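Next up, upload_27.cif (mmCIF, N, CA and C atoms):
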```
data_my_file
loop_
_atom_site.label_atom_id
_atom_site.label_comp_id
_atom_site.auth_asym_id
_atom_site.auth_seq_id
_atom_site.Cartn_x
_atom_site.Cartn_y
_atom_site.Cartn_z
N MET A 1 53.87 -139.22 -54.96
CA MET A 1 54.70 -138.05 -54.79
C MET A 1 55.97 -138.21 -55.63
N THR A 2 56.36 -137.16 -56.28
CA THR A 2 57.54 -137.18 -57.14
C THR A 2 58.67 -136.40 -56.50
N ALA A 3 59.85 -136.95 -56.54
CA ALA A 3 61.04 -136.25 -56.06
C ALA A 3 61.78 -135.66 -57.24
N ARG A 4 62.38 -134.52 -57.02
CA ARG A 4 63.17 -133.87 -58.06
C ARG A 4 64.57 -133.64 -57.50
N LEU A 5 65.58 -134.01 -58.26
CA LEU A 5 66.97 -133.87 -57.85
C LEU A 5 67.61 -132.76 -58.68
N LEU A 6 68.15 -131.77 -58.02
CA LEU A 6 68.86 -130.69 -58.70
C LEU A 6 70.34 -130.86 -58.43
N LEU A 7 71.13 -130.95 -59.48
CA LEU A 7 72.58 -131.09 -59.35
C LEU A 7 73.24 -129.77 -59.71
N VAL A 8 74.12 -129.33 -58.86
CA VAL A 8 74.80 -128.05 -59.07
C VAL A 8 76.29 -128.28 -58.87
N ARG A 9 77.06 -127.79 -59.80
CA ARG A 9 78.51 -127.88 -59.66
C ARG A 9 78.99 -126.75 -58.76
N HIS A 10 80.09 -126.96 -58.07
CA HIS A 10 80.67 -125.93 -57.21
C HIS A 10 81.07 -124.72 -58.03
N GLY A 11 81.32 -123.62 -57.33
CA GLY A 11 81.78 -122.41 -57.99
C GLY A 11 83.17 -122.57 -58.59
N GLU A 12 83.55 -121.58 -59.38
CA GLU A 12 84.85 -121.59 -60.05
C GLU A 12 85.99 -121.62 -59.03
N THR A 13 87.00 -122.42 -59.35
CA THR A 13 88.22 -122.47 -58.53
C THR A 13 89.38 -121.85 -59.29
N VAL A 14 90.47 -121.67 -58.58
CA VAL A 14 91.69 -121.15 -59.19
C VAL A 14 92.10 -122.02 -60.37
N TRP A 15 92.07 -123.33 -60.19
CA TRP A 15 92.50 -124.23 -61.27
C TRP A 15 91.51 -124.22 -62.43
N HIS A 16 90.24 -124.13 -62.16
CA HIS A 16 89.26 -124.11 -63.25
C HIS A 16 89.44 -122.84 -64.08
N ALA A 17 89.76 -121.74 -63.42
CA ALA A 17 90.00 -120.49 -64.14
C ALA A 17 91.19 -120.64 -65.09
N GLU A 18 92.12 -121.55 -64.76
CA GLU A 18 93.30 -121.81 -65.60
C GLU A 18 93.10 -123.03 -66.49
N ASN A 19 91.90 -123.61 -66.46
CA ASN A 19 91.54 -124.80 -67.23
C ASN A 19 92.39 -126.02 -66.83
N ARG A 20 92.61 -126.16 -65.52
CA ARG A 20 93.36 -127.30 -64.97
C ARG A 20 92.38 -128.30 -64.38
N TYR A 21 92.72 -129.58 -64.46
CA TYR A 21 91.89 -130.63 -63.88
C TYR A 21 92.00 -130.58 -62.36
N ALA A 22 90.87 -130.44 -61.71
CA ALA A 22 90.82 -130.39 -60.25
C ALA A 22 89.82 -131.45 -59.80
N GLY A 23 90.33 -132.57 -59.40
CA GLY A 23 89.49 -133.64 -58.90
C GLY A 23 89.55 -133.67 -57.39
N ILE A 24 90.43 -134.50 -56.85
CA ILE A 24 90.51 -134.69 -55.41
C ILE A 24 91.30 -133.58 -54.69
N SER A 25 92.01 -132.76 -55.42
CA SER A 25 92.77 -131.68 -54.80
C SER A 25 91.81 -130.63 -54.25
N ASP A 26 92.10 -130.14 -53.07
CA ASP A 26 91.22 -129.17 -52.42
C ASP A 26 91.63 -127.76 -52.84
N VAL A 27 91.20 -127.37 -54.02
CA VAL A 27 91.57 -126.10 -54.63
C VAL A 27 90.55 -125.03 -54.21
N PRO A 28 91.01 -123.85 -53.82
CA PRO A 28 90.08 -122.82 -53.33
C PRO A 28 89.24 -122.19 -54.43
N LEU A 29 88.10 -121.67 -54.00
CA LEU A 29 87.24 -120.91 -54.90
C LEU A 29 87.90 -119.57 -55.23
N THR A 30 87.62 -119.07 -56.42
CA THR A 30 88.02 -117.71 -56.79
C THR A 30 86.95 -116.75 -56.26
N GLU A 31 87.20 -115.46 -56.39
CA GLU A 31 86.16 -114.48 -56.02
C GLU A 31 84.91 -114.72 -56.86
N ARG A 32 85.11 -115.05 -58.14
CA ARG A 32 83.98 -115.36 -59.00
C ARG A 32 83.22 -116.58 -58.47
N GLY A 33 83.95 -117.58 -57.98
CA GLY A 33 83.33 -118.76 -57.41
C GLY A 33 82.46 -118.42 -56.21
N PHE A 34 82.93 -117.50 -55.35
CA PHE A 34 82.12 -117.07 -54.21
C PHE A 34 80.88 -116.31 -54.67
N ARG A 35 81.01 -115.49 -55.71
CA ARG A 35 79.84 -114.79 -56.26
C ARG A 35 78.84 -115.79 -56.84
N GLN A 36 79.35 -116.84 -57.50
CA GLN A 36 78.47 -117.88 -58.03
C GLN A 36 77.71 -118.58 -56.91
N ALA A 37 78.38 -118.82 -55.78
CA ALA A 37 77.73 -119.46 -54.63
C ALA A 37 76.61 -118.56 -54.10
N GLU A 38 76.85 -117.26 -54.05
CA GLU A 38 75.81 -116.32 -53.60
C GLU A 38 74.64 -116.29 -54.58
N ALA A 39 74.93 -116.35 -55.88
CA ALA A 39 73.86 -116.39 -56.88
C ALA A 39 73.05 -117.67 -56.74
N LEU A 40 73.72 -118.76 -56.45
CA LEU A 40 73.02 -120.03 -56.22
C LEU A 40 72.08 -119.91 -55.03
N ALA A 41 72.52 -119.24 -53.97
CA ALA A 41 71.69 -119.07 -52.78
C ALA A 41 70.40 -118.35 -53.14
N HIS A 42 70.49 -117.34 -53.97
CA HIS A 42 69.29 -116.62 -54.42
C HIS A 42 68.40 -117.53 -55.27
N TRP A 43 69.01 -118.28 -56.16
CA TRP A 43 68.28 -119.15 -57.09
C TRP A 43 67.50 -120.24 -56.36
N VAL A 44 68.12 -120.89 -55.37
CA VAL A 44 67.46 -122.02 -54.71
C VAL A 44 66.23 -121.63 -53.91
N THR A 45 66.17 -120.38 -53.47
CA THR A 45 65.02 -119.98 -52.66
C THR A 45 63.72 -120.02 -53.44
N LYS A 46 63.80 -120.07 -54.75
CA LYS A 46 62.61 -120.10 -55.61
C LYS A 46 62.37 -121.49 -56.21
N ARG A 47 63.06 -122.51 -55.71
CA ARG A 47 62.99 -123.83 -56.33
C ARG A 47 62.40 -124.92 -55.43
N GLY A 48 61.98 -124.62 -54.24
CA GLY A 48 61.40 -125.64 -53.38
C GLY A 48 62.39 -126.69 -52.94
N VAL A 49 63.60 -126.28 -52.63
CA VAL A 49 64.65 -127.20 -52.21
C VAL A 49 64.45 -127.57 -50.74
N ASP A 50 64.50 -128.87 -50.46
CA ASP A 50 64.28 -129.38 -49.10
C ASP A 50 65.55 -129.87 -48.42
N ALA A 51 66.63 -130.06 -49.17
CA ALA A 51 67.87 -130.57 -48.60
C ALA A 51 69.04 -130.13 -49.47
N VAL A 52 70.19 -130.01 -48.84
CA VAL A 52 71.42 -129.64 -49.55
C VAL A 52 72.49 -130.64 -49.13
N ALA A 53 73.16 -131.23 -50.12
CA ALA A 53 74.25 -132.17 -49.85
C ALA A 53 75.44 -131.74 -50.71
N CYS A 54 76.64 -132.05 -50.22
CA CYS A 54 77.84 -131.69 -50.97
C CYS A 54 78.97 -132.65 -50.64
N SER A 55 80.01 -132.60 -51.45
CA SER A 55 81.21 -133.39 -51.20
C SER A 55 81.98 -132.76 -50.03
N PRO A 56 82.95 -133.46 -49.49
CA PRO A 56 83.72 -132.91 -48.36
C PRO A 56 84.75 -131.85 -48.75
N LEU A 57 85.03 -131.67 -50.03
CA LEU A 57 86.04 -130.69 -50.42
C LEU A 57 85.54 -129.27 -50.14
N SER A 58 86.45 -128.39 -49.78
CA SER A 58 86.06 -127.03 -49.37
C SER A 58 85.33 -126.29 -50.48
N ARG A 59 85.70 -126.49 -51.74
CA ARG A 59 85.02 -125.76 -52.81
C ARG A 59 83.55 -126.12 -52.89
N ALA A 60 83.23 -127.38 -52.61
CA ALA A 60 81.83 -127.82 -52.61
C ALA A 60 81.10 -127.31 -51.36
N ARG A 61 81.75 -127.40 -50.22
CA ARG A 61 81.13 -126.93 -48.97
C ARG A 61 80.89 -125.43 -49.01
N LEU A 62 81.86 -124.67 -49.54
CA LEU A 62 81.72 -123.21 -49.60
C LEU A 62 80.69 -122.77 -50.64
N THR A 63 80.45 -123.60 -51.64
CA THR A 63 79.40 -123.31 -52.61
C THR A 63 78.03 -123.65 -52.02
N ALA A 64 77.95 -124.74 -51.28
CA ALA A 64 76.68 -125.19 -50.71
C ALA A 64 76.22 -124.33 -49.54
N ARG A 65 77.15 -123.82 -48.76
CA ARG A 65 76.81 -123.11 -47.51
C ARG A 65 75.84 -121.94 -47.70
N PRO A 66 76.07 -120.99 -48.63
CA PRO A 66 75.12 -119.88 -48.77
C PRO A 66 73.71 -120.35 -49.17
N ALA A 67 73.64 -121.37 -50.02
CA ALA A 67 72.34 -121.90 -50.42
C ALA A 67 71.63 -122.52 -49.23
N ALA A 68 72.35 -123.31 -48.47
CA ALA A 68 71.76 -123.94 -47.28
C ALA A 68 71.31 -122.87 -46.29
N ASP A 69 72.16 -121.86 -46.07
CA ASP A 69 71.80 -120.78 -45.15
C ASP A 69 70.52 -120.08 -45.61
N ALA A 70 70.42 -119.80 -46.91
CA ALA A 70 69.23 -119.12 -47.44
C ALA A 70 67.97 -119.94 -47.23
N LEU A 71 68.13 -121.25 -47.16
CA LEU A 71 66.99 -122.15 -46.99
C LEU A 71 66.76 -122.54 -45.53
N GLY A 72 67.64 -122.08 -44.65
CA GLY A 72 67.54 -122.47 -43.25
C GLY A 72 67.90 -123.92 -43.01
N LEU A 73 68.82 -124.44 -43.84
CA LEU A 73 69.23 -125.84 -43.76
C LEU A 73 70.70 -125.94 -43.39
N VAL A 74 71.09 -127.13 -43.00
CA VAL A 74 72.50 -127.45 -42.78
C VAL A 74 72.91 -128.38 -43.92
N PRO A 75 73.96 -128.02 -44.68
CA PRO A 75 74.35 -128.91 -45.78
C PRO A 75 74.90 -130.23 -45.24
N GLU A 76 74.47 -131.32 -45.85
CA GLU A 76 74.98 -132.64 -45.47
C GLU A 76 76.23 -132.93 -46.29
N VAL A 77 77.33 -133.15 -45.63
CA VAL A 77 78.59 -133.49 -46.31
C VAL A 77 78.58 -135.01 -46.50
N VAL A 78 78.64 -135.42 -47.76
CA VAL A 78 78.53 -136.83 -48.12
C VAL A 78 79.84 -137.29 -48.76
N GLU A 79 80.54 -138.15 -48.08
CA GLU A 79 81.82 -138.66 -48.57
C GLU A 79 81.71 -139.27 -49.97
N ASP A 80 80.61 -139.95 -50.25
CA ASP A 80 80.44 -140.61 -51.55
C ASP A 80 80.28 -139.62 -52.70
N LEU A 81 80.15 -138.34 -52.40
CA LEU A 81 80.08 -137.32 -53.46
C LEU A 81 81.46 -136.75 -53.79
N ARG A 82 82.50 -137.30 -53.17
CA ARG A 82 83.87 -136.83 -53.41
C ARG A 82 84.19 -136.90 -54.91
N GLU A 83 84.93 -135.93 -55.37
CA GLU A 83 85.27 -135.81 -56.78
C GLU A 83 86.20 -136.94 -57.24
N VAL A 84 86.26 -137.12 -58.55
CA VAL A 84 87.10 -138.14 -59.15
C VAL A 84 88.58 -137.76 -59.04
N ASP A 85 89.44 -138.74 -58.96
CA ASP A 85 90.88 -138.54 -58.91
C ASP A 85 91.42 -138.59 -60.35
N PHE A 86 92.00 -137.51 -60.81
CA PHE A 86 92.54 -137.46 -62.16
C PHE A 86 93.98 -137.97 -62.25
N GLY A 87 94.49 -138.52 -61.16
CA GLY A 87 95.82 -139.13 -61.20
C GLY A 87 96.89 -138.16 -61.68
N TRP A 88 97.70 -138.60 -62.64
CA TRP A 88 98.80 -137.77 -63.12
C TRP A 88 98.33 -136.49 -63.80
N GLY A 89 97.04 -136.43 -64.14
CA GLY A 89 96.48 -135.23 -64.76
C GLY A 89 96.03 -134.17 -63.76
N GLU A 90 95.97 -134.55 -62.50
CA GLU A 90 95.51 -133.63 -61.46
C GLU A 90 96.36 -132.36 -61.43
N GLY A 91 95.71 -131.21 -61.55
CA GLY A 91 96.40 -129.93 -61.49
C GLY A 91 97.05 -129.50 -62.79
N ARG A 92 96.85 -130.28 -63.84
CA ARG A 92 97.49 -129.99 -65.12
C ARG A 92 96.45 -129.63 -66.17
N THR A 93 96.88 -128.94 -67.21
CA THR A 93 96.02 -128.65 -68.35
C THR A 93 96.16 -129.78 -69.37
N ILE A 94 95.22 -129.86 -70.28
CA ILE A 94 95.31 -130.86 -71.36
C ILE A 94 96.61 -130.65 -72.15
N ALA A 95 96.95 -129.39 -72.42
CA ALA A 95 98.17 -129.11 -73.19
C ALA A 95 99.40 -129.64 -72.46
N GLU A 96 99.46 -129.48 -71.15
CA GLU A 96 100.59 -130.00 -70.38
C GLU A 96 100.63 -131.53 -70.43
N MET A 97 99.47 -132.15 -70.34
CA MET A 97 99.42 -133.61 -70.40
C MET A 97 99.80 -134.12 -71.78
N GLU A 98 99.30 -133.45 -72.82
CA GLU A 98 99.62 -133.87 -74.20
C GLU A 98 101.11 -133.76 -74.48
N ALA A 99 101.75 -132.74 -73.93
CA ALA A 99 103.19 -132.56 -74.15
C ALA A 99 103.97 -133.72 -73.56
N GLU A 100 103.48 -134.29 -72.45
CA GLU A 100 104.18 -135.39 -71.80
C GLU A 100 103.78 -136.75 -72.37
N ASP A 101 102.48 -136.93 -72.63
CA ASP A 101 102.00 -138.25 -73.06
C ASP A 101 100.77 -138.11 -73.96
N PRO A 102 100.99 -137.78 -75.23
CA PRO A 102 99.85 -137.56 -76.13
C PRO A 102 98.96 -138.79 -76.29
N GLU A 103 99.54 -139.97 -76.24
CA GLU A 103 98.73 -141.19 -76.39
C GLU A 103 97.77 -141.35 -75.21
N ALA A 104 98.21 -141.05 -74.02
CA ALA A 104 97.34 -141.14 -72.84
C ALA A 104 96.17 -140.17 -72.96
N VAL A 105 96.43 -138.98 -73.48
CA VAL A 105 95.36 -137.99 -73.65
C VAL A 105 94.39 -138.45 -74.73
N ARG A 106 94.88 -139.03 -75.81
CA ARG A 106 94.00 -139.57 -76.85
C ARG A 106 93.09 -140.66 -76.27
N ALA A 107 93.68 -141.54 -75.49
CA ALA A 107 92.89 -142.63 -74.87
C ALA A 107 91.85 -142.07 -73.91
N PHE A 108 92.22 -141.06 -73.14
CA PHE A 108 91.29 -140.43 -72.20
C PHE A 108 90.12 -139.79 -72.95
N ARG A 109 90.41 -139.09 -74.01
CA ARG A 109 89.36 -138.44 -74.80
C ARG A 109 88.45 -139.48 -75.47
N ALA A 110 89.00 -140.60 -75.86
CA ALA A 110 88.21 -141.65 -76.51
C ALA A 110 87.30 -142.36 -75.52
N ASP A 111 87.76 -142.53 -74.26
CA ASP A 111 86.97 -143.24 -73.27
C ASP A 111 87.42 -142.81 -71.87
N ALA A 112 86.88 -141.70 -71.40
CA ALA A 112 87.30 -141.12 -70.12
C ALA A 112 87.04 -142.06 -68.95
N GLU A 113 86.03 -142.87 -69.02
CA GLU A 113 85.69 -143.77 -67.91
C GLU A 113 86.67 -144.94 -67.79
N ALA A 114 87.32 -145.31 -68.87
CA ALA A 114 88.26 -146.43 -68.84
C ALA A 114 89.56 -146.06 -68.16
N GLY A 115 89.92 -144.76 -68.20
CA GLY A 115 91.19 -144.30 -67.68
C GLY A 115 91.24 -144.30 -66.22
#
```

Mind turning this structure into structure tokens?
Amino acid sequence: MTARLLLVRHGETVWHAENRYAGISDVPLTERGFRQAEALAHWVTKRGVDAVACSPLSRARLTARPAADALGLVPEVVEDLREVDFGWGEGRTIAEMEAEDPEAVRAFRADAEAG
């Protein structure tokens, strides 16, 4: 038997609409983000999904909920799926970060995992 894993990003948030880094901050979904969650609910019903898991942040839970409801499932909130912490970049745009510390942004772009 083969398992298939489908990964879905949460719907658009206020910060994503502004191109801001949103990692651990619990930023709300936009109206578009809620519409994306509803579209996901429709999409998953045709994919043979057996389980839904999400991070504990509200944007992930609110994106997962309509899909889980459409499937008759309860989304499992998994702490280990929590988003990455962007540190001093959290809530900021690249332009704002570059204005303060261009070298840090260059290093991040060269090797995001090292930062």

Given the point (73.4, -121.9, -50.8) in the coordinates of this file, which residues lie within 8 Å, counting only N, CA and C atoms, and how would they look as number ranges by chain? A: 37-45, 62-71

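Each of A:Arg92, A:Arg9, A:His16, A:Arg82 was compared to A:Pro56 using all atoms listed in the file, and A:Arg82 turns out to be the nearest.
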
Return as a ChimeraX atom specification the set of residues that the PyMOL selection byres ((chain A and resi 21) around 6) yields on the displayed structure. /A:15,19-20,22-23,89-93

Computed interatomic separation between atom CA of A:Phe34 and atom CA of A:Asp85 (Å):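 We find that atom CA of A:Phe34 and atom CA of A:Asp85 lie 23.7 Å from each other.
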
Nearest-residue call for A:Cys54, choices A:Ile24, A:Asp80, A:Glu31, A:Leu5, using only N, CA and C atoms: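 Smallest distance to A:Cys54 is found for A:Asp80.
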
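The residues that lie within 8 Å of the point (58.8, -131.0, -55.4), counting only N, CA and C atoms, are Met1, Thr2, Ala3, Arg4, Leu5, Arg47, Gly48, Val49 and Asp50 of chain A.
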
For the structure provided, state which residues fall under the PyMOL selection byres ((chain A and resi 76) around 5), and present them as a PyMOL selection string. chain A and resi 52-54+74-75+77-78

As number ranges by chain, please: every residue in chain A that DSSP puts in alpha helix (DSSP H). A: 14-17, 31-44, 58-71, 94-100, 102-110

Out of stretch 21-105 of chain A, which residues get strand (DSSP E) from DSSP, as a PDB file with N, CA and C atoms, keeping the file's coordinate frame?
```
ATOM      1  N   ALA A  53      73.160-131.230 -50.120  1.00  0.00           N
ATOM      2  CA  ALA A  53      74.250-132.170 -49.850  1.00  0.00           C
ATOM      3  C   ALA A  53      75.440-131.740 -50.710  1.00  0.00           C
ATOM      4  N   CYS A  54      76.640-132.050 -50.220  1.00  0.00           N
ATOM      5  CA  CYS A  54      77.840-131.690 -50.970  1.00  0.00           C
ATOM      6  C   CYS A  54      78.970-132.650 -50.640  1.00  0.00           C
ATOM      7  N   GLU A  76      74.470-131.320 -45.850  1.00  0.00           N
ATOM      8  CA  GLU A  76      74.980-132.640 -45.470  1.00  0.00           C
ATOM      9  C   GLU A  76      76.230-132.930 -46.290  1.00  0.00           C
ATOM     10  N   VAL A  77      77.330-133.150 -45.630  1.00  0.00           N
ATOM     11  CA  VAL A  77      78.590-133.490 -46.310  1.00  0.00           C
ATOM     12  C   VAL A  77      78.580-135.010 -46.500  1.00  0.00           C
TER      13      VAL A  77
END
```

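Going from atom CA of A:Leu57 to atom CA of A:Leu29 covers 10.8 Å.
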
Would you mind reading off the distance between atom N of A:Gly72 and atom N of A:Val14, one decimal, in Å?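 Computing the Euclidean distance for atom N of A:Gly72 and atom N of A:Val14 yields 26.7 Å.
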
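Proximity of A:Gln36, A:Ser58, A:Ser25, A:Thr13 to A:Val84, computed with only C-alpha atoms, is greatest for A:Ser25.
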
Padded axis-aligned box of stretch 57-63 of chain A (6 Å per side), centre and edge lengths, Å, one decimal, as JSON:
```
{"center_x": 82.2, "center_y": -127.2, "center_z": -50.9, "size_x": 20.4, "size_y": 20.9, "size_z": 15.9}
```
